[in-house]
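Shown here: coords06.tsv, TSV, C-alpha atoms.
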```
chain	number	residue	atom	x	y	z
A	14	MET	CA	103.34	113.87	61.48
A	15	ALA	CA	101.11	113.34	64.37
A	16	ASP	CA	99.03	115.98	66.06
A	17	PRO	CA	100.60	117.98	68.85
A	18	MET	CA	100.46	116.85	72.46
A	19	ARG	CA	98.64	118.80	75.07
A	20	ILE	CA	100.93	119.34	78.03
A	21	ARG	CA	100.06	121.04	81.27
A	22	ALA	CA	102.68	121.47	83.98
A	23	GLN	CA	101.68	122.96	87.30
A	24	ALA	CA	104.02	123.83	90.13
A	25	SER	CA	102.87	123.02	93.65
A	26	GLY	CA	104.92	122.64	96.81
A	27	GLY	CA	108.31	122.61	95.07
A	28	ASN	CA	107.30	119.96	92.55
A	29	ALA	CA	105.61	120.21	89.21
A	30	THR	CA	102.81	117.90	88.19
A	31	VAL	CA	102.87	117.26	84.46
A	32	ARG	CA	99.83	116.00	82.62
A	33	VAL	CA	100.17	114.99	79.00
A	34	LEU	CA	97.57	114.03	76.43
A	35	MET	CA	99.10	112.55	73.29
A	36	SER	CA	97.35	112.01	70.03
A	37	HIS	CA	98.02	108.49	68.82
A	38	GLU	CA	96.03	105.58	67.45
A	39	MET	CA	97.60	102.96	69.77
A	40	GLU	CA	96.63	99.99	67.60
A	41	THR	CA	97.11	96.76	69.56
A	42	GLY	CA	97.82	94.33	66.75
A	43	GLN	CA	94.94	92.19	68.05
A	44	ARG	CA	92.13	93.72	66.02
A	45	LYS	CA	91.01	92.63	62.59
A	46	ASP	CA	89.68	94.81	59.79
A	47	ALA	CA	86.49	94.14	57.78
A	48	ALA	CA	88.32	91.69	55.51
A	49	GLY	CA	89.52	89.66	58.49
A	50	LYS	CA	93.12	90.78	58.21
A	51	VAL	CA	94.94	91.67	61.39
A	52	ILE	CA	95.65	95.38	61.72
A	53	PRO	CA	99.36	95.64	62.56
A	54	ALA	CA	100.33	97.01	65.94
A	55	TRP	CA	101.09	100.70	66.03
A	56	PHE	CA	101.73	102.24	69.41
A	57	ILE	CA	103.94	104.58	71.36
A	58	SER	CA	106.72	102.48	72.86
A	59	GLU	CA	108.95	105.07	74.50
A	60	VAL	CA	108.15	108.28	76.31
A	61	THR	CA	110.75	110.61	77.76
A	62	ALA	CA	110.53	113.99	79.40
A	63	SER	CA	113.12	116.58	80.20
A	64	LEU	CA	113.25	119.60	82.46
A	65	ASN	CA	115.23	122.53	81.03
A	66	GLY	CA	116.93	120.16	78.59
A	67	LYS	CA	117.93	117.52	81.15
A	68	GLN	CA	116.15	114.19	80.98
A	69	VAL	CA	114.14	113.44	84.10
A	70	PHE	CA	111.59	110.84	83.09
A	71	SER	CA	111.41	107.80	80.86
A	72	ALA	CA	108.84	105.10	80.34
A	73	GLU	CA	108.26	102.14	78.09
A	74	TRP	CA	104.76	101.37	76.93
A	75	GLY	CA	103.09	98.38	75.42
A	76	PRO	CA	100.13	98.36	73.05
A	77	ALA	CA	97.73	98.07	76.00
A	78	VAL	CA	97.94	101.78	76.77
A	79	SER	CA	94.74	103.50	75.65
A	80	LYS	CA	94.21	105.36	72.42
A	81	ASN	CA	95.21	109.04	72.70
A	82	PRO	CA	97.22	108.25	75.82
A	83	PHE	CA	97.13	110.19	79.03
A	84	LEU	CA	100.18	110.40	81.27
A	85	GLN	CA	100.75	112.06	84.60
A	86	PHE	CA	104.00	112.35	86.50
A	87	THR	CA	105.61	114.72	88.97
A	88	ILE	CA	109.02	116.34	88.58
A	89	LYS	CA	110.85	117.16	91.79
A	90	GLY	CA	112.21	120.63	92.26
A	91	ALA	CA	110.62	122.20	89.19
A	92	LYS	CA	109.35	125.74	89.53
A	93	ALA	CA	107.26	128.16	87.52
A	94	GLY	CA	108.96	129.20	84.31
A	95	ASP	CA	110.87	125.94	83.85
A	96	LYS	CA	110.57	124.26	80.49
A	97	VAL	CA	109.21	120.73	80.27
A	98	ALA	CA	109.65	118.85	77.01
A	99	VAL	CA	107.94	115.54	76.34
A	100	THR	CA	108.99	113.20	73.53
A	101	TRP	CA	107.37	110.01	72.33
A	102	LYS	CA	108.52	107.47	69.83
A	103	ASP	CA	106.28	104.83	68.30
A	104	ASN	CA	107.06	101.36	66.97
A	105	LYS	CA	107.12	102.67	63.40
A	106	GLY	CA	109.91	105.04	64.31
A	107	ASP	CA	107.76	108.16	64.23
A	108	THR	CA	108.55	110.64	66.94
A	109	ARG	CA	107.24	113.90	68.28
A	110	THR	CA	108.40	116.42	70.87
A	111	ASP	CA	106.34	119.16	72.47
A	112	GLU	CA	107.26	121.69	75.07
A	113	ALA	CA	105.39	123.49	77.83
A	114	THR	CA	106.26	125.96	80.55
A	115	VAL	CA	105.60	125.18	84.19
A	116	SER	CA	102.97	127.53	85.57
B	10	MET	CA	81.07	75.00	79.78
B	11	HIS	CA	81.28	77.19	76.70
B	12	ASN	CA	79.82	80.56	77.35
B	13	ARG	CA	80.73	83.72	75.51
B	14	ARG	CA	83.31	84.76	78.05
B	15	ASP	CA	85.29	81.55	77.65
B	16	MET	CA	85.23	81.84	73.89
B	17	LEU	CA	86.61	85.34	74.10
B	18	LYS	CA	89.31	84.20	76.42
B	19	HIS	CA	90.40	81.42	74.08
B	20	GLY	CA	90.35	83.80	71.15
B	21	ALA	CA	92.65	86.17	72.95
B	22	ARG	CA	94.96	83.36	73.91
B	23	LEU	CA	95.17	82.17	70.32
B	24	ALA	CA	95.99	85.66	69.13
B	25	GLY	CA	98.73	85.76	71.72
B	26	LEU	CA	100.17	82.48	70.50
B	27	LEU	CA	100.13	83.70	66.91
B	28	ALA	CA	101.94	86.85	67.89
B	29	ALA	CA	104.54	84.79	69.75
B	30	THR	CA	105.37	82.77	66.65
B	31	GLY	CA	106.68	85.88	64.97
B	32	LEU	CA	104.16	85.89	62.13
B	33	PHE	CA	103.51	89.53	62.75
B	34	PRO	CA	105.88	92.34	61.93
B	35	HIS	CA	107.58	93.23	65.15
B	36	TYR	CA	108.74	96.52	66.40
B	37	ALA	CA	112.44	97.04	65.84
B	38	LEU	CA	113.16	99.22	68.83
B	39	ALA	CA	115.62	98.86	71.62
B	40	PHE	CA	113.06	98.42	74.31
B	41	ASN	CA	112.32	95.56	76.61
B	42	LYS	CA	110.50	93.43	74.05
B	43	ALA	CA	110.65	90.27	76.11
B	44	ALA	CA	108.74	91.94	78.91
B	45	PHE	CA	106.08	93.36	76.62
B	46	ASP	CA	105.65	89.99	74.89
B	47	ALA	CA	105.27	88.15	78.18
B	48	LYS	CA	102.06	86.22	78.65
B	49	SER	CA	102.20	85.92	82.41
B	50	VAL	CA	102.99	88.25	85.27
B	51	ALA	CA	105.94	86.09	86.35
B	52	ASP	CA	107.51	86.17	82.87
B	53	ALA	CA	107.18	89.92	82.59
B	54	LEU	CA	108.85	90.44	85.96
B	55	LYS	CA	111.65	88.07	85.01
B	56	ALA	CA	112.36	90.17	81.92
B	57	TYR	CA	112.94	93.13	84.23
B	58	GLY	CA	115.16	91.14	86.54
B	59	GLY	CA	112.60	90.90	89.33
B	60	GLY	CA	112.37	87.80	91.48
B	61	VAL	CA	109.33	86.14	92.99
B	62	PRO	CA	106.87	88.94	93.73
B	63	THR	CA	105.79	89.64	97.28
B	64	ALA	CA	102.84	91.75	98.37
B	65	SER	CA	103.73	95.10	99.89
B	66	ASP	CA	101.85	97.97	101.53
B	67	ALA	CA	104.43	100.41	100.24
B	68	VAL	CA	103.25	99.98	96.67
B	69	THR	CA	99.99	101.67	95.78
B	70	LEU	CA	97.75	100.88	92.84
B	71	THR	CA	95.02	103.32	91.93
B	72	ALA	CA	92.33	101.64	89.88
B	73	PRO	CA	88.55	101.71	89.68
B	74	ASP	CA	86.44	98.85	91.09
B	75	ILE	CA	84.38	98.74	87.94
B	76	ALA	CA	85.51	100.03	84.57
B	77	GLU	CA	82.56	100.73	82.33
B	78	ASN	CA	84.71	101.01	79.24
B	79	GLY	CA	87.64	98.60	78.99
B	80	ALA	CA	89.25	100.79	76.34
B	81	VAL	CA	90.06	103.52	78.87
B	82	VAL	CA	90.79	102.33	82.38
B	83	PRO	CA	92.58	104.93	84.50
B	84	LEU	CA	95.43	103.25	86.37
B	85	GLY	CA	97.96	104.77	88.72
B	86	VAL	CA	101.02	103.34	90.39
B	87	ALA	CA	103.03	104.78	93.25
B	88	THR	CA	105.52	103.66	95.84
B	89	SER	CA	107.11	105.02	98.99
B	90	LEU	CA	110.02	102.55	98.89
B	91	PRO	CA	113.62	103.69	98.40
B	92	ASN	CA	115.91	102.15	95.74
B	93	VAL	CA	113.15	101.42	93.27
B	94	LYS	CA	114.33	101.03	89.68
B	95	GLN	CA	111.08	100.47	87.79
B	96	LEU	CA	107.37	100.74	88.41
B	97	LEU	CA	105.27	98.45	86.25
B	98	ILE	CA	101.58	98.19	85.53
B	99	LEU	CA	100.34	94.75	84.54
B	100	VAL	CA	96.90	93.43	83.65
B	101	GLU	CA	96.85	89.70	84.23
B	102	LYS	CA	94.32	88.66	81.60
B	103	ASN	CA	95.40	90.90	78.74
B	104	PRO	CA	97.00	89.13	75.75
B	105	SER	CA	100.29	90.70	76.81
B	106	VAL	CA	100.27	91.35	80.51
B	107	LEU	CA	102.62	94.34	80.69
B	108	VAL	CA	100.95	97.68	80.06
B	109	ALA	CA	103.60	100.21	80.97
B	110	SER	CA	106.93	100.50	82.68
B	111	PHE	CA	108.11	103.71	84.30
B	112	ALA	CA	111.72	104.36	85.20
B	113	VAL	CA	112.08	105.77	88.71
B	114	SER	CA	114.82	108.32	89.26
B	115	ASP	CA	115.74	110.98	91.79
B	116	ALA	CA	114.29	113.65	89.55
B	117	VAL	CA	110.71	112.43	89.61
B	118	VAL	CA	108.23	111.43	92.29
B	119	ALA	CA	107.50	107.70	92.16
B	120	ASN	CA	103.89	108.24	91.23
B	121	PHE	CA	102.64	107.80	87.67
B	122	SER	CA	99.20	107.61	86.10
B	123	THR	CA	98.01	106.60	82.68
B	124	ARG	CA	95.07	104.91	81.00
B	125	ALA	CA	95.05	101.33	79.81
B	126	LYS	CA	93.00	98.95	77.74
B	127	MET	CA	91.59	95.86	79.39
B	128	GLY	CA	90.11	92.99	77.40
B	129	GLN	CA	88.10	91.62	80.32
B	130	SER	CA	87.73	91.74	84.08
B	131	SER	CA	91.09	90.93	85.58
B	132	ASP	CA	93.50	91.42	88.42
B	133	VAL	CA	95.65	94.50	87.90
B	134	TYR	CA	99.14	94.53	89.40
B	135	ALA	CA	101.35	97.44	90.32
B	136	VAL	CA	104.89	96.16	90.73
B	137	ALA	CA	107.97	97.93	92.02
B	138	ILE	CA	111.31	96.42	90.97
B	139	THR	CA	114.08	97.41	93.33
B	140	ASN	CA	117.75	97.89	92.49
B	141	ASP	CA	118.59	94.59	94.18
B	142	GLY	CA	116.07	92.67	92.06
B	143	LYS	CA	113.17	92.36	94.47
B	144	ALA	CA	109.63	92.62	93.11
B	145	LEU	CA	106.97	94.07	95.39
B	146	PHE	CA	103.39	94.30	94.26
B	147	ALA	CA	99.93	95.54	95.02
B	148	LYS	CA	96.96	94.13	93.19
B	149	LYS	CA	93.34	94.90	92.68
B	150	GLU	CA	90.54	93.28	90.74
B	151	VAL	CA	88.96	95.54	88.14
B	152	LYS	CA	85.66	94.50	86.63
B	153	VAL	CA	85.17	95.47	83.01
B	154	THR	CA	81.68	95.80	81.60
B	155	LEU	CA	82.78	96.40	78.00
B	156	GLY	CA	86.10	94.99	76.78
B	157	GLY	CA	88.68	97.17	75.07
B	158	CYS	CA	90.49	94.66	72.88
B	159	GLY	CA	87.68	93.52	70.59
B	160	GLY	CA	86.84	94.83	67.20
```

Rendering of file as C-alpha coordinates:
Amino acid sequence: MADPMRIRAQASGGNATVRVLMSHEMETGQRKDAAGKVIPAWFISEVTASLNGKQVFSAEWGPAVSKNPFLQFTIKGAKAGDKVAVTWKDNKGDTRTDEATVS
Amino acid sequence: MHNRRDMLKHGARLAGLLAATGLFPHYALAFNKAAFDAKSVADALKAYGGGVPTASDAVTLTAPDIAENGAVVPLGVATSLPNVKQLLILVEKNPSVLVASFAVSDAVVANFSTRAKMGQSSDVYAVAITNDGKALFAKKEVKVTLGGCGG
(Lines of atoms letter the chains of each structure in order from A and count residues from 1; the text may use other names and numbers.)
(Lines give C-alpha, C1' and ligand atoms only; values in the text may rest on other atoms or scores of the structure.)
Protein backbone atom coordinates (compact mmCIF):
# COMPACT_ATOMS: atom_id res chain seq x y z
CA MET A 1 0.00 0.00 0.00
CA ALA A 2 1.29 3.34 -0.92
CA ASP A 3 2.03 6.14 1.48
CA PRO A 4 -0.76 8.51 2.38
CA MET A 5 -1.46 11.63 0.37
CA ARG A 6 -1.07 15.05 1.82
CA ILE A 7 -4.22 17.04 1.18
CA ARG A 8 -4.84 20.64 2.07
CA ALA A 9 -8.19 22.26 1.34
CA GLN A 10 -8.66 25.94 2.04
CA ALA A 11 -11.89 27.85 1.73
CA SER A 12 -11.74 31.33 0.21
CA GLY A 13 -14.50 33.40 -1.32
CA GLY A 14 -17.08 30.59 -1.43
CA ASN A 15 -14.73 28.14 -3.12
CA ALA A 16 -12.20 25.74 -1.73
CA THR A 17 -8.74 25.36 -3.20
CA VAL A 18 -7.50 21.81 -2.83
CA ARG A 19 -3.82 20.97 -3.04
CA VAL A 20 -2.78 17.35 -3.09
CA LEU A 21 0.65 15.75 -2.90
CA MET A 22 0.57 12.05 -3.72
CA SER A 23 3.31 9.59 -3.08
CA HIS A 24 3.93 7.56 -6.22
CA GLU A 25 6.88 6.45 -8.30
CA MET A 26 5.36 7.49 -11.66
CA GLU A 27 7.64 5.29 -13.75
CA THR A 28 7.37 6.27 -17.42
CA GLY A 29 8.18 2.98 -19.09
CA GLN A 30 10.94 4.78 -21.01
CA ARG A 31 13.79 4.24 -18.56
CA LYS A 32 16.15 1.29 -18.50
CA ASP A 33 17.70 -0.36 -15.47
CA ALA A 34 21.41 -1.18 -15.06
CA ALA A 35 21.03 -4.39 -17.08
CA GLY A 36 19.50 -2.49 -20.00
CA LYS A 37 16.00 -3.82 -19.44
CA VAL A 38 13.13 -1.40 -19.73
CA ILE A 39 11.48 -0.62 -16.40
CA PRO A 40 7.74 -1.14 -16.98
CA ALA A 41 5.47 1.87 -16.74
CA TRP A 42 3.85 2.39 -13.37
CA PHE A 43 1.85 5.55 -12.91
CA ILE A 44 -1.36 6.99 -11.56
CA SER A 45 -3.87 6.96 -14.40
CA GLU A 46 -7.05 8.16 -12.74
CA VAL A 47 -7.66 10.72 -10.03
CA THR A 48 -11.06 11.58 -8.63
CA ALA A 49 -12.18 13.80 -5.82
CA SER A 50 -15.44 14.11 -3.98
CA LEU A 51 -16.99 16.72 -1.73
CA ASN A 52 -19.08 15.28 1.11
CA GLY A 53 -19.32 11.98 -0.77
CA LYS A 54 -20.38 13.45 -4.11
CA GLN A 55 -17.88 13.27 -6.95
CA VAL A 56 -16.82 16.69 -8.17
CA PHE A 57 -13.54 16.19 -9.96
CA SER A 58 -11.94 13.62 -12.23
CA ALA A 59 -8.77 13.54 -14.24
CA GLU A 60 -6.82 11.12 -16.36
CA TRP A 61 -3.06 11.16 -16.22
CA GLY A 62 -0.33 9.80 -18.40
CA PRO A 63 3.13 8.69 -17.31
CA ALA A 64 4.49 12.19 -17.98
CA VAL A 65 3.16 13.54 -14.70
CA SER A 66 6.04 14.00 -12.25
CA LYS A 67 7.07 11.60 -9.53
CA ASN A 68 5.17 12.21 -6.28
CA PRO A 69 2.55 14.19 -8.18
CA PHE A 70 1.17 17.53 -7.17
CA LEU A 71 -2.37 18.52 -8.06
CA GLN A 72 -4.33 21.68 -7.46
CA PHE A 73 -7.97 22.31 -8.22
CA THR A 74 -10.80 24.45 -6.88
CA ILE A 75 -14.20 23.19 -5.78
CA LYS A 76 -17.08 25.62 -6.15
CA GLY A 77 -19.31 26.24 -3.19
CA ALA A 78 -17.28 24.32 -0.64
CA LYS A 79 -17.07 25.77 2.85
CA ALA A 80 -15.11 25.15 6.02
CA GLY A 81 -15.94 21.81 7.59
CA ASP A 82 -16.77 20.07 4.30
CA LYS A 83 -15.04 16.79 3.65
CA VAL A 84 -12.87 16.39 0.57
CA ALA A 85 -11.81 12.89 -0.42
CA VAL A 86 -9.23 12.24 -3.11
CA THR A 87 -8.76 8.85 -4.76
CA TRP A 88 -6.12 7.71 -7.20
CA LYS A 89 -5.80 4.52 -9.14
CA ASP A 90 -2.62 3.42 -10.89
CA ASN A 91 -2.09 1.24 -13.95
CA LYS A 92 -1.35 -1.78 -11.77
CA GLY A 93 -4.77 -1.50 -10.21
CA ASP A 94 -3.53 -0.19 -6.88
CA THR A 95 -5.70 2.49 -5.37
CA ARG A 96 -5.70 4.82 -2.41
CA THR A 97 -8.17 7.26 -0.89
CA ASP A 98 -7.44 9.99 1.62
CA GLU A 99 -9.70 12.53 3.18
CA ALA A 100 -9.27 16.06 4.45
CA THR A 101 -11.51 18.71 5.94
CA VAL A 102 -11.84 22.13 4.34
CA SER A 103 -10.42 24.79 6.63
CA MET B 1 24.24 17.11 -38.23
CA HIS B 2 24.46 14.66 -35.37
CA ASN B 3 24.79 16.42 -32.10
CA ARG B 4 23.76 15.04 -28.75
CA ARG B 5 20.34 16.64 -28.86
CA ASP B 6 19.43 14.93 -32.12
CA MET B 7 20.58 11.58 -30.83
CA LEU B 8 18.39 11.96 -27.78
CA LYS B 9 15.47 12.89 -29.93
CA HIS B 10 15.87 9.82 -32.11
CA GLY B 11 16.24 7.62 -29.07
CA ALA B 12 12.99 8.91 -27.66
CA ARG B 13 11.25 8.41 -30.96
CA LEU B 14 12.46 4.82 -31.17
CA ALA B 15 11.23 4.12 -27.67
CA GLY B 16 7.88 5.52 -28.71
CA LEU B 17 7.73 3.26 -31.73
CA LEU B 18 8.58 0.23 -29.61
CA ALA B 19 5.85 1.09 -27.17
CA ALA B 20 3.38 1.45 -30.03
CA THR B 21 4.06 -2.07 -31.27
CA GLY B 22 2.63 -3.47 -28.07
CA LEU B 23 5.82 -5.15 -26.91
CA PHE B 24 5.35 -3.65 -23.51
CA PRO B 25 2.74 -4.70 -21.00
CA HIS B 26 -0.04 -2.19 -21.28
CA TYR B 27 -2.29 -0.82 -18.67
CA ALA B 28 -5.64 -2.56 -18.62
CA LEU B 29 -7.76 0.33 -17.46
CA ALA B 30 -10.80 1.93 -18.94
CA PHE B 31 -9.17 5.22 -19.66
CA ASN B 32 -8.50 7.02 -22.88
CA LYS B 33 -5.52 4.93 -23.93
CA ALA B 34 -5.53 6.14 -27.51
CA ALA B 35 -5.05 9.70 -26.35
CA PHE B 36 -2.23 8.84 -23.97
CA ASP B 37 -0.49 6.76 -26.64
CA ALA B 38 -0.71 9.54 -29.20
CA LYS B 39 2.57 10.75 -30.64
CA SER B 40 1.34 14.07 -31.95
CA VAL B 41 -0.83 16.85 -30.62
CA ALA B 42 -3.35 16.37 -33.45
CA ASP B 43 -3.74 12.64 -32.70
CA ALA B 44 -4.25 13.23 -29.00
CA LEU B 45 -6.96 15.81 -29.67
CA LYS B 46 -8.67 13.48 -32.13
CA ALA B 47 -8.87 10.81 -29.42
CA TYR B 48 -10.84 13.29 -27.32
CA GLY B 49 -13.12 14.21 -30.17
CA GLY B 50 -11.56 17.63 -30.73
CA GLY B 51 -11.27 19.07 -34.22
CA VAL B 52 -8.54 21.22 -35.70
CA PRO B 53 -7.18 23.32 -32.84
CA THR B 54 -7.46 27.09 -32.95
CA ALA B 55 -5.59 29.55 -30.76
CA SER B 56 -7.69 31.27 -28.13
CA ASP B 57 -7.16 34.00 -25.53
CA ALA B 58 -9.73 32.37 -23.28
CA VAL B 59 -7.44 29.45 -22.55
CA THR B 60 -4.57 30.13 -20.19
CA LEU B 61 -1.42 28.10 -19.80
CA THR B 62 0.79 28.72 -16.79
CA ALA B 63 4.30 27.49 -17.42
CA PRO B 64 7.82 28.68 -16.69
CA ASP B 65 10.02 30.16 -19.44
CA ILE B 66 12.92 28.00 -18.37
CA ALA B 67 12.61 24.78 -16.43
CA GLU B 68 15.84 23.92 -14.70
CA ASN B 69 14.76 20.38 -13.96
CA GLY B 70 12.72 18.64 -16.65
CA ALA B 71 11.53 16.06 -14.12
CA VAL B 72 9.35 18.62 -12.33
CA VAL B 73 7.87 21.34 -14.51
CA PRO B 74 4.94 23.13 -12.89
CA LEU B 75 2.15 23.49 -15.45
CA GLY B 76 -1.27 25.02 -15.04
CA VAL B 77 -4.26 25.17 -17.33
CA ALA B 78 -7.34 27.35 -17.05
CA THR B 79 -10.16 28.60 -19.20
CA SER B 80 -12.93 31.17 -19.00
CA LEU B 81 -14.97 29.56 -21.79
CA PRO B 82 -18.40 28.04 -21.16
CA ASN B 83 -19.32 24.49 -22.28
CA VAL B 84 -15.84 23.08 -21.88
CA LYS B 85 -15.72 19.31 -21.48
CA GLN B 86 -12.01 18.63 -20.98
CA LEU B 87 -8.86 20.58 -20.30
CA LEU B 88 -5.71 18.92 -21.56
CA ILE B 89 -2.02 19.54 -21.02
CA LEU B 90 0.26 18.40 -23.83
CA VAL B 91 4.02 18.57 -24.29
CA GLU B 92 4.79 18.39 -27.99
CA LYS B 93 8.18 16.69 -27.86
CA ASN B 94 7.53 14.12 -25.15
CA PRO B 95 7.41 10.48 -26.29
CA SER B 96 3.68 10.58 -25.61
CA VAL B 97 2.39 14.09 -25.98
CA LEU B 98 -0.55 13.99 -23.56
CA VAL B 99 0.37 14.66 -19.95
CA ALA B 100 -2.96 15.04 -18.21
CA SER B 101 -6.62 15.46 -18.93
CA PHE B 102 -8.98 17.15 -16.50
CA ALA B 103 -12.74 16.80 -16.70
CA VAL B 104 -14.49 20.15 -16.35
CA SER B 105 -17.80 20.17 -14.51
CA ASP B 106 -20.08 22.67 -12.81
CA ALA B 107 -18.70 21.66 -9.45
CA VAL B 108 -15.13 22.76 -10.04
CA VAL B 109 -13.43 25.90 -11.31
CA ALA B 110 -11.82 25.32 -14.70
CA ASN B 111 -8.34 25.87 -13.36
CA PHE B 112 -5.98 22.98 -12.63
CA SER B 113 -2.29 22.74 -11.83
CA THR B 114 0.11 19.85 -11.69
CA ARG B 115 3.74 19.04 -12.38
CA ALA B 116 4.99 17.26 -15.47
CA LYS B 117 8.09 15.65 -16.85
CA MET B 118 9.63 17.05 -20.00
CA GLY B 119 12.30 15.21 -21.96
CA GLN B 120 13.58 18.33 -23.71
CA SER B 121 12.73 21.92 -24.54
CA SER B 122 9.37 21.93 -26.25
CA ASP B 123 6.16 23.75 -26.92
CA VAL B 124 3.60 23.10 -24.21
CA TYR B 125 -0.09 23.23 -25.14
CA ALA B 126 -3.11 23.84 -22.97
CA VAL B 127 -6.18 22.69 -24.87
CA ALA B 128 -9.84 23.12 -24.03
CA ILE B 129 -12.22 20.67 -25.71
CA THR B 130 -15.75 22.03 -25.85
CA ASN B 131 -18.97 20.04 -25.76
CA ASP B 132 -19.47 20.63 -29.48
CA GLY B 133 -16.03 19.22 -30.33
CA LYS B 134 -14.03 22.41 -30.81
CA ALA B 135 -10.42 22.48 -29.63
CA LEU B 136 -9.03 25.80 -28.43
CA PHE B 137 -5.44 26.10 -27.34
CA ALA B 138 -2.79 28.27 -25.80
CA LYS B 139 0.84 27.39 -26.18
CA LYS B 140 4.14 28.38 -24.72
CA GLU B 141 7.70 27.29 -25.29
CA VAL B 142 9.42 25.92 -22.21
CA LYS B 143 13.17 25.52 -22.27
CA VAL B 144 14.51 22.58 -20.29
CA THR B 145 18.08 22.61 -19.04
CA LEU B 146 18.03 19.05 -17.69
CA GLY B 147 15.70 16.47 -19.25
CA GLY B 148 13.32 14.40 -17.13
CA CYS B 149 12.94 11.27 -19.23
CA GLY B 150 16.51 9.96 -19.25
CA GLY B 151 18.01 7.43 -16.97

Test item: chain B residues at most 6 Å from chain A, counting all atoms listed in the file, as a ChimeraX atom specification: /B:36,45,81,108-112,116-118,121-126,160

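You can rank B:Met127, B:Val82, B:Val106, B:Val133 by their closest distance to Ala53 (chain B) using only C-alpha atoms, and at the top of that list sits B:Val106.
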
Point-to-point distance in Å for CA of Asp107 (chain A) and CA of Lys102 (chain B): 29.4 Å

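Nearest-residue note for Thr108 (chain A): choosing from A:Met39, A:Gly49, A:Ile57, A:Gly27, the minimum distance belongs to A:Ile57, counting only C-alpha atoms.
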
Non-local contacts of Phe146 (chain B) (12 Å; only C-alpha atoms; under 2 positions in same chain excluded) as a PyMOL selection string: chain B and resi 50-51+54+59-70+86-88+90+95-99+132-139+143-144+148-149

Dump as an mmCIF file, keeping the file's coordinate frame, selection limited to C-alpha atoms:
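And here's result-v3.cif as it stands now:
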```cif
data_model
loop_
_atom_site.group_PDB
_atom_site.id
_atom_site.type_symbol
_atom_site.label_atom_id
_atom_site.label_comp_id
_atom_site.auth_asym_id
_atom_site.auth_seq_id
_atom_site.Cartn_x
_atom_site.Cartn_y
_atom_site.Cartn_z
ATOM 1 C CA VAL B 50 102.990 88.250 85.270
ATOM 2 C CA ALA B 51 105.940 86.090 86.350
ATOM 3 C CA LEU B 54 108.850 90.440 85.960
ATOM 4 C CA GLY B 59 112.600 90.900 89.330
ATOM 5 C CA GLY B 60 112.370 87.800 91.480
ATOM 6 C CA VAL B 61 109.330 86.140 92.990
ATOM 7 C CA PRO B 62 106.870 88.940 93.730
ATOM 8 C CA THR B 63 105.790 89.640 97.280
ATOM 9 C CA ALA B 64 102.840 91.750 98.370
ATOM 10 C CA SER B 65 103.730 95.100 99.890
ATOM 11 C CA ASP B 66 101.850 97.970 101.530
ATOM 12 C CA ALA B 67 104.430 100.410 100.240
ATOM 13 C CA VAL B 68 103.250 99.980 96.670
ATOM 14 C CA THR B 69 99.990 101.670 95.780
ATOM 15 C CA LEU B 70 97.750 100.880 92.840
ATOM 16 C CA VAL B 86 101.020 103.340 90.390
ATOM 17 C CA ALA B 87 103.030 104.780 93.250
ATOM 18 C CA THR B 88 105.520 103.660 95.840
ATOM 19 C CA LEU B 90 110.020 102.550 98.890
ATOM 20 C CA GLN B 95 111.080 100.470 87.790
ATOM 21 C CA LEU B 96 107.370 100.740 88.410
ATOM 22 C CA LEU B 97 105.270 98.450 86.250
ATOM 23 C CA ILE B 98 101.580 98.190 85.530
ATOM 24 C CA LEU B 99 100.340 94.750 84.540
ATOM 25 C CA ASP B 132 93.500 91.420 88.420
ATOM 26 C CA VAL B 133 95.650 94.500 87.900
ATOM 27 C CA TYR B 134 99.140 94.530 89.400
ATOM 28 C CA ALA B 135 101.350 97.440 90.320
ATOM 29 C CA VAL B 136 104.890 96.160 90.730
ATOM 30 C CA ALA B 137 107.970 97.930 92.020
ATOM 31 C CA ILE B 138 111.310 96.420 90.970
ATOM 32 C CA THR B 139 114.080 97.410 93.330
ATOM 33 C CA LYS B 143 113.170 92.360 94.470
ATOM 34 C CA ALA B 144 109.630 92.620 93.110
ATOM 35 C CA LYS B 148 96.960 94.130 93.190
ATOM 36 C CA LYS B 149 93.340 94.900 92.680
#
```

Straight-line distance linking CA of Asp16 (chain A) with CA of Asp111 (chain A), stated in Å to one decimal: 10.2 Å

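The gap separating CA of Asn78 (chain B) from CA of Lys152 (chain B) is 9.9 Å, in Å to one decimal.
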
Around all the atoms of region 37-42 of chain A listed in the file, draw an axis-aligned box and extend it by 3 Å on each of the six sides; I want its centre and edge lengths in Å to one decimal, as lines of an AutoDock Vina configuration file.
```
center_x = 97.0
center_y = 101.4
center_z = 68.3
size_x = 8.0
size_y = 20.2
size_z = 9.0
```

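With distances restricted to all atoms listed in the file, A:Ala24 is the closest residue to Val115 (chain A) from A:Ser36, A:Ala24, A:Val99, A:Met18.
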